[in-house]
Amino acid sequence: MAESDLAIIAEGELPSGEHWVLRAGGTSTEFGTFLETIHPDGRRDQGGMGGPPLWPGSIMNVYTGGTDAGPRRFVVRADERVARVRVQLVSGETLDLSPVATMPNPGLAFFATLLARTAALATVTAIDASGEALEPQDLARHERAWRRFRER
């Protein structure tokens with residue numbers, strides 16, 4: 001999927017000066033979601049995920065990643081019933097994220113943030129508008145990959 005096929009669906013600024021841009025688009029079988037970081041010095045990097053809009057049997061797809069320098073990217077693509085996601089860090093801290101964008105067709109909500117490079121993720125839970133937990137996901141696999149990346 002070419003980046004030109006993806007629409008800018010959200011963007012924002014961090015107090016530290018980074019600007020982020022979330023792009024998404026595709027078909028019912030191949031859908032891309034990418035978070036680009038534009039650093040204060042002009043450097044750019046991005047990462048994200050492809051595949052179906054949602055994996056069969058799941059209501060959210062999760063991507064984490066980053067580069068050798070700068071913040072860690074965290075992106076969730078979820079069923080539109082998901083009103084927020086709760087990220088539990090290994091430290092015990094929790095982050096509640098509201099959607100940064102929605103797409104009525106194919107019925108998705110998008111959540112994105114930039115975290116400190118050292119942030120260690122434990123779980124993410126999809127929560128509906130009434131506060132009910134819809135789907136928890138263990139992020140241990142993401143953490144193992146992130147540690148291997150940082151140690152290389």
# chains A, B, ... in the order shown; residues from 1 in each chain; ligands from 1
>>> residues_around(residues="region 91-96 of chain A", least_positions_apart="4", cutoff="12 Å", atoms="only C-alpha atoms", output="list in words")
Phe74, Ala83, Arg84, Val85, Arg86, Val87, Phe111, Ala112, Thr113, Leu114, Leu115, Thr118, Ala119, Ala120, Leu121, Ala122, Thr123, Val124, Thr125, Ala126, Ile127 and Gly131 of chain A
>>> closest_residue(among="A:Ile9, A:Ala116, A:Ile59, A:Thr29", to="Leu89 (chain A)", atoms="only C-alpha atoms")
A:Ala116
>>> residues_around(residues="Arg81 (chain A)", least_positions_apart="2", cutoff="12 Å", atoms="only C-alpha atoms", output="list in words")
Ile59, Met60, Arg77, Ala78, Asp79, Ala83, Arg84, Val85, Pro99, Thr102, Met103, Pro104, Gly107, Leu108, Ala109, Phe110, Ala126, Ile127, Asp128, Ala129, Ser130, Gly131, Glu132, Ala133, Leu134 and Glu135 of chain A
>>> write_last_selection(atoms="C-alpha atoms", output="PDB file, in the first residue's frame")
ATOM      1  CA  ILE A  59     -11.750  -5.574  18.241  1.00  0.00           C
ATOM      2  CA  MET A  60      -8.376  -3.831  18.230  1.00  0.00           C
ATOM      3  CA  ARG A  77      -6.929   0.715  15.429  1.00  0.00           C
ATOM      4  CA  ALA A  78     -10.223  -0.419  17.021  1.00  0.00           C
ATOM      5  CA  ASP A  79     -13.853  -1.204  16.400  1.00  0.00           C
ATOM      6  CA  ALA A  83     -14.606   4.801  23.330  1.00  0.00           C
ATOM      7  CA  ARG A  84     -11.139   4.763  24.905  1.00  0.00           C
ATOM      8  CA  VAL A  85      -8.161   2.538  25.492  1.00  0.00           C
ATOM      9  CA  PRO A  99      -9.808   8.495  19.937  1.00  0.00           C
ATOM     10  CA  THR A 102     -12.721   7.832  13.526  1.00  0.00           C
ATOM     11  CA  MET A 103     -13.607   6.424  10.116  1.00  0.00           C
ATOM     12  CA  PRO A 104     -17.283   5.506   9.693  1.00  0.00           C
ATOM     13  CA  GLY A 107     -16.224   1.642  11.314  1.00  0.00           C
ATOM     14  CA  LEU A 108     -12.904   2.250  13.098  1.00  0.00           C
ATOM     15  CA  ALA A 109     -11.647   4.415  15.949  1.00  0.00           C
ATOM     16  CA  PHE A 110      -7.951   5.362  16.100  1.00  0.00           C
ATOM     17  CA  ALA A 126     -10.477  -1.511  24.901  1.00  0.00           C
ATOM     18  CA  ILE A 127     -13.255   0.207  26.884  1.00  0.00           C
ATOM     19  CA  ASP A 128     -16.754   1.093  25.640  1.00  0.00           C
ATOM     20  CA  ALA A 129     -18.744   4.279  26.332  1.00  0.00           C
ATOM     21  CA  SER A 130     -20.316   2.793  29.486  1.00  0.00           C
ATOM     22  CA  GLY A 131     -16.881   1.961  30.941  1.00  0.00           C
ATOM     23  CA  GLU A 132     -17.052  -1.784  30.274  1.00  0.00           C
ATOM     24  CA  ALA A 133     -13.791  -3.501  29.355  1.00  0.00           C
ATOM     25  CA  LEU A 134     -14.311  -5.090  25.947  1.00  0.00           C
ATOM     26  CA  GLU A 135     -10.939  -6.656  25.219  1.00  0.00           C
TER      27      GLU A 135
END
>>> select_by_dssp(residues="chain A", states="strand (DSSP E)", output="ChimeraX atom specification")
/A:7-13,19-26,31-38,44-49,60-65,72-79,84-89,94-97,101-103,108-115,121-127,133-138
>>> write_last_selection(atoms="C-alpha atoms", output="mmCIF file, in the first residue's frame")
data_model
loop_
_atom_site.group_PDB
_atom_site.id
_atom_site.type_symbol
_atom_site.label_atom_id
_atom_site.label_comp_id
_atom_site.auth_asym_id
_atom_site.auth_seq_id
_atom_site.Cartn_x
_atom_site.Cartn_y
_atom_site.Cartn_z
ATOM 1 C CA ALA A 7 -5.378 9.993 4.280
ATOM 2 C CA ILE A 8 -4.164 12.199 7.110
ATOM 3 C CA ILE A 9 -6.765 11.540 9.801
ATOM 4 C CA ALA A 10 -5.175 13.288 12.815
ATOM 5 C CA GLU A 11 -2.148 15.295 13.859
ATOM 6 C CA GLY A 12 -0.844 17.042 16.924
ATOM 7 C CA GLU A 13 2.075 18.560 18.807
ATOM 8 C CA HIS A 19 4.766 16.988 15.645
ATOM 9 C CA TRP A 20 2.904 13.766 14.845
ATOM 10 C CA VAL A 21 0.749 12.816 11.854
ATOM 11 C CA LEU A 22 -1.546 9.775 11.731
ATOM 12 C CA ARG A 23 -2.426 8.374 8.295
ATOM 13 C CA ALA A 24 -4.844 5.556 7.504
ATOM 14 C CA GLY A 25 -6.697 3.957 4.627
ATOM 15 C CA GLY A 26 -7.140 0.884 2.517
ATOM 16 C CA PHE A 31 -5.629 -1.491 5.630
ATOM 17 C CA GLY A 32 -2.685 0.661 6.689
ATOM 18 C CA THR A 33 -2.238 2.901 9.715
ATOM 19 C CA PHE A 34 1.019 4.835 10.165
ATOM 20 C CA LEU A 35 2.196 7.356 12.738
ATOM 21 C CA GLU A 36 4.859 9.790 11.546
ATOM 22 C CA THR A 37 6.975 11.827 13.946
ATOM 23 C CA ILE A 38 8.500 15.105 12.820
ATOM 24 C CA ARG A 44 11.181 12.377 10.277
ATOM 25 C CA ASP A 45 10.400 8.768 11.047
ATOM 26 C CA GLN A 46 7.308 6.639 10.953
ATOM 27 C CA GLY A 47 5.965 3.218 11.709
ATOM 28 C CA GLY A 48 2.690 1.401 11.755
ATOM 29 C CA MET A 49 0.724 -1.607 10.681
ATOM 30 C CA MET A 60 -8.376 -3.831 18.230
ATOM 31 C CA ASN A 61 -5.050 -4.031 16.446
ATOM 32 C CA VAL A 62 -2.017 -2.602 18.264
ATOM 33 C CA TYR A 63 1.298 -1.269 16.962
ATOM 34 C CA THR A 64 4.265 -0.118 19.048
ATOM 35 C CA GLY A 65 7.638 0.936 17.723
ATOM 36 C CA ARG A 72 8.126 5.430 21.192
ATOM 37 C CA ARG A 73 5.052 5.227 18.964
ATOM 38 C CA PHE A 74 1.814 3.632 20.195
ATOM 39 C CA VAL A 75 -1.139 3.162 17.825
ATOM 40 C CA VAL A 76 -4.437 1.314 18.212
ATOM 41 C CA ARG A 77 -6.929 0.715 15.429
ATOM 42 C CA ALA A 78 -10.223 -0.419 17.021
ATOM 43 C CA ASP A 79 -13.853 -1.204 16.400
ATOM 44 C CA ARG A 84 -11.139 4.763 24.905
ATOM 45 C CA VAL A 85 -8.161 2.538 25.492
ATOM 46 C CA ARG A 86 -6.384 2.119 28.795
ATOM 47 C CA VAL A 87 -2.655 1.498 28.580
ATOM 48 C CA GLN A 88 -1.069 -0.065 31.671
ATOM 49 C CA LEU A 89 2.661 0.525 31.994
ATOM 50 C CA THR A 94 -2.103 3.989 33.462
ATOM 51 C CA LEU A 95 -2.875 6.157 30.461
ATOM 52 C CA ASP A 96 -6.434 6.577 29.201
ATOM 53 C CA LEU A 97 -6.471 7.532 25.530
ATOM 54 C CA ALA A 101 -9.925 10.064 14.776
ATOM 55 C CA THR A 102 -12.721 7.832 13.526
ATOM 56 C CA MET A 103 -13.607 6.424 10.116
ATOM 57 C CA LEU A 108 -12.904 2.250 13.098
ATOM 58 C CA ALA A 109 -11.647 4.415 15.949
ATOM 59 C CA PHE A 110 -7.951 5.362 16.100
ATOM 60 C CA PHE A 111 -5.838 6.012 19.179
ATOM 61 C CA ALA A 112 -2.261 7.279 19.037
ATOM 62 C CA THR A 113 0.365 8.735 21.316
ATOM 63 C CA LEU A 114 4.104 9.164 21.593
ATOM 64 C CA LEU A 115 5.667 7.788 24.779
ATOM 65 C CA LEU A 121 4.096 -1.466 28.292
ATOM 66 C CA ALA A 122 2.158 -4.169 30.139
ATOM 67 C CA THR A 123 -1.398 -4.246 28.735
ATOM 68 C CA VAL A 124 -3.927 -2.316 26.685
ATOM 69 C CA THR A 125 -7.671 -2.624 27.221
ATOM 70 C CA ALA A 126 -10.477 -1.511 24.901
ATOM 71 C CA ILE A 127 -13.255 0.207 26.884
ATOM 72 C CA ALA A 133 -13.791 -3.501 29.355
ATOM 73 C CA LEU A 134 -14.311 -5.090 25.947
ATOM 74 C CA GLU A 135 -10.939 -6.656 25.219
ATOM 75 C CA PRO A 136 -7.661 -6.717 27.135
ATOM 76 C CA GLN A 137 -4.421 -7.481 25.322
ATOM 77 C CA ASP A 138 -1.121 -8.453 26.890
#
>>> select_by_dssp(residues="region 19-144 of chain A", states="helix (DSSP H, G or I)", output="list in words")
Ala140, Arg141, His142, Glu143 and Arg144 of chain A
>>> write_last_selection(atoms="N, CA and C atoms", output="PDB file, in the first residue's frame")
ATOM      1  N   ALA A 140       3.237  -8.145  26.209  1.00  0.00           N
ATOM      2  CA  ALA A 140       4.554  -8.746  26.469  1.00  0.00           C
ATOM      3  C   ALA A 140       5.328  -8.986  25.175  1.00  0.00           C
ATOM      4  N   ARG A 141       4.656  -9.430  24.127  1.00  0.00           N
ATOM      5  CA  ARG A 141       5.331  -9.672  22.838  1.00  0.00           C
ATOM      6  C   ARG A 141       5.880  -8.363  22.278  1.00  0.00           C
ATOM      7  N   HIS A 142       5.114  -7.290  22.383  1.00  0.00           N
ATOM      8  CA  HIS A 142       5.580  -5.976  21.938  1.00  0.00           C
ATOM      9  C   HIS A 142       6.806  -5.541  22.739  1.00  0.00           C
ATOM     10  N   GLU A 143       6.779  -5.805  24.045  1.00  0.00           N
ATOM     11  CA  GLU A 143       7.898  -5.412  24.910  1.00  0.00           C
ATOM     12  C   GLU A 143       9.169  -6.184  24.580  1.00  0.00           C
ATOM     13  N   ARG A 144       9.035  -7.480  24.321  1.00  0.00           N
ATOM     14  CA  ARG A 144      10.215  -8.272  23.958  1.00  0.00           C
ATOM     15  C   ARG A 144      10.837  -7.734  22.675  1.00  0.00           C
TER      16      ARG A 144
END
>>> atom_distance(atom1="CA of Gly70 (chain A)", atom2="CA of Ala145 (chain A)")
17.0 Å
>>> decode(residues="region 90-126 of chain A", atoms="N, CA and C atoms", output="short mmCIF file (atom, residue, chain, number, x, y, z; two decimals), in the first residue's frame")
data_model
loop_
_atom_site.label_atom_id
_atom_site.label_comp_id
_atom_site.auth_asym_id
_atom_site.auth_seq_id
_atom_site.Cartn_x
_atom_site.Cartn_y
_atom_site.Cartn_z
N VAL A 90 4.33 -1.01 32.84
CA VAL A 90 4.94 -1.92 33.80
C VAL A 90 5.13 -1.22 35.15
N SER A 91 5.36 0.08 35.13
CA SER A 91 5.57 0.86 36.36
C SER A 91 4.30 0.95 37.21
N GLY A 92 3.14 0.58 36.64
CA GLY A 92 1.87 0.70 37.33
C GLY A 92 1.06 1.90 36.87
N GLU A 93 1.70 2.84 36.19
CA GLU A 93 1.00 4.01 35.68
C GLU A 93 0.02 3.58 34.59
N THR A 94 -1.14 4.25 34.53
CA THR A 94 -2.10 3.99 33.46
C THR A 94 -2.33 5.26 32.65
N LEU A 95 -2.56 5.07 31.38
CA LEU A 95 -2.87 6.16 30.46
C LEU A 95 -4.21 5.83 29.81
N ASP A 96 -5.16 6.74 29.90
CA ASP A 96 -6.43 6.58 29.20
C ASP A 96 -6.39 7.44 27.96
N LEU A 97 -6.54 6.82 26.80
CA LEU A 97 -6.47 7.53 25.53
C LEU A 97 -7.85 7.60 24.90
N SER A 98 -8.23 8.78 24.46
CA SER A 98 -9.45 8.99 23.69
C SER A 98 -9.11 8.85 22.21
N PRO A 99 -10.10 8.60 21.37
CA PRO A 99 -9.81 8.50 19.94
C PRO A 99 -9.29 9.83 19.40
N VAL A 100 -8.28 9.73 18.52
CA VAL A 100 -7.79 10.93 17.83
C VAL A 100 -8.51 11.09 16.50
N ALA A 101 -9.18 10.02 16.04
CA ALA A 101 -9.93 10.06 14.78
C ALA A 101 -10.85 8.86 14.70
N THR A 102 -11.85 8.96 13.84
CA THR A 102 -12.72 7.83 13.53
C THR A 102 -12.93 7.80 12.02
N MET A 103 -13.26 6.62 11.52
CA MET A 103 -13.61 6.42 10.12
C MET A 103 -14.89 5.61 10.09
N PRO A 104 -16.02 6.24 9.71
CA PRO A 104 -17.28 5.51 9.69
C PRO A 104 -17.26 4.30 8.76
N ASN A 105 -16.55 4.41 7.67
CA ASN A 105 -16.43 3.28 6.76
C ASN A 105 -14.95 2.96 6.64
N PRO A 106 -14.42 1.99 7.36
CA PRO A 106 -15.01 0.73 7.78
C PRO A 106 -15.44 0.64 9.25
N GLY A 107 -15.76 1.71 9.93
CA GLY A 107 -16.22 1.64 11.31
C GLY A 107 -15.09 1.46 12.30
N LEU A 108 -14.08 2.36 12.24
CA LEU A 108 -12.90 2.25 13.10
C LEU A 108 -12.70 3.51 13.92
N ALA A 109 -12.13 3.33 15.10
CA ALA A 109 -11.65 4.42 15.95
C ALA A 109 -10.13 4.25 16.05
N PHE A 110 -9.42 5.38 16.08
CA PHE A 110 -7.95 5.36 16.10
C PHE A 110 -7.46 6.07 17.35
N PHE A 111 -6.45 5.47 17.98
CA PHE A 111 -5.84 6.01 19.18
C PHE A 111 -4.34 6.07 18.91
N ALA A 112 -3.70 7.16 19.29
CA ALA A 112 -2.26 7.28 19.04
C ALA A 112 -1.64 8.19 20.07
N THR A 113 -0.41 7.87 20.43
CA THR A 113 0.36 8.73 21.32
C THR A 113 1.84 8.44 21.11
N LEU A 114 2.65 9.36 21.54
CA LEU A 114 4.10 9.16 21.59
C LEU A 114 4.48 9.07 23.06
N LEU A 115 5.26 8.05 23.40
CA LEU A 115 5.67 7.79 24.78
C LEU A 115 7.17 7.94 24.91
N ALA A 116 7.64 8.07 26.12
CA ALA A 116 9.08 8.07 26.36
C ALA A 116 9.68 6.77 25.85
N ARG A 117 10.90 6.84 25.32
CA ARG A 117 11.57 5.63 24.82
C ARG A 117 11.65 4.55 25.88
N THR A 118 11.75 4.97 27.13
CA THR A 118 11.92 4.02 28.23
C THR A 118 10.60 3.45 28.75
N ALA A 119 9.46 3.92 28.23
CA ALA A 119 8.16 3.41 28.70
C ALA A 119 8.06 1.92 28.41
N ALA A 120 7.76 1.15 29.44
CA ALA A 120 7.57 -0.30 29.31
C ALA A 120 6.08 -0.60 29.42
N LEU A 121 5.53 -1.22 28.38
CA LEU A 121 4.10 -1.47 28.29
C LEU A 121 3.74 -2.84 28.85
N ALA A 122 2.62 -2.90 29.59
CA ALA A 122 2.16 -4.17 30.14
C ALA A 122 0.92 -4.66 29.39
N THR A 123 -0.15 -3.85 29.38
CA THR A 123 -1.40 -4.25 28.74
C THR A 123 -2.07 -3.04 28.09
N VAL A 124 -3.02 -3.33 27.22
CA VAL A 124 -3.93 -2.32 26.69
C VAL A 124 -5.32 -2.94 26.71
N THR A 125 -6.30 -2.14 27.12
CA THR A 125 -7.67 -2.62 27.22
C THR A 125 -8.61 -1.69 26.47
N ALA A 126 -9.43 -2.26 25.60
CA ALA A 126 -10.48 -1.51 24.90
C ALA A 126 -11.65 -1.34 25.85
#
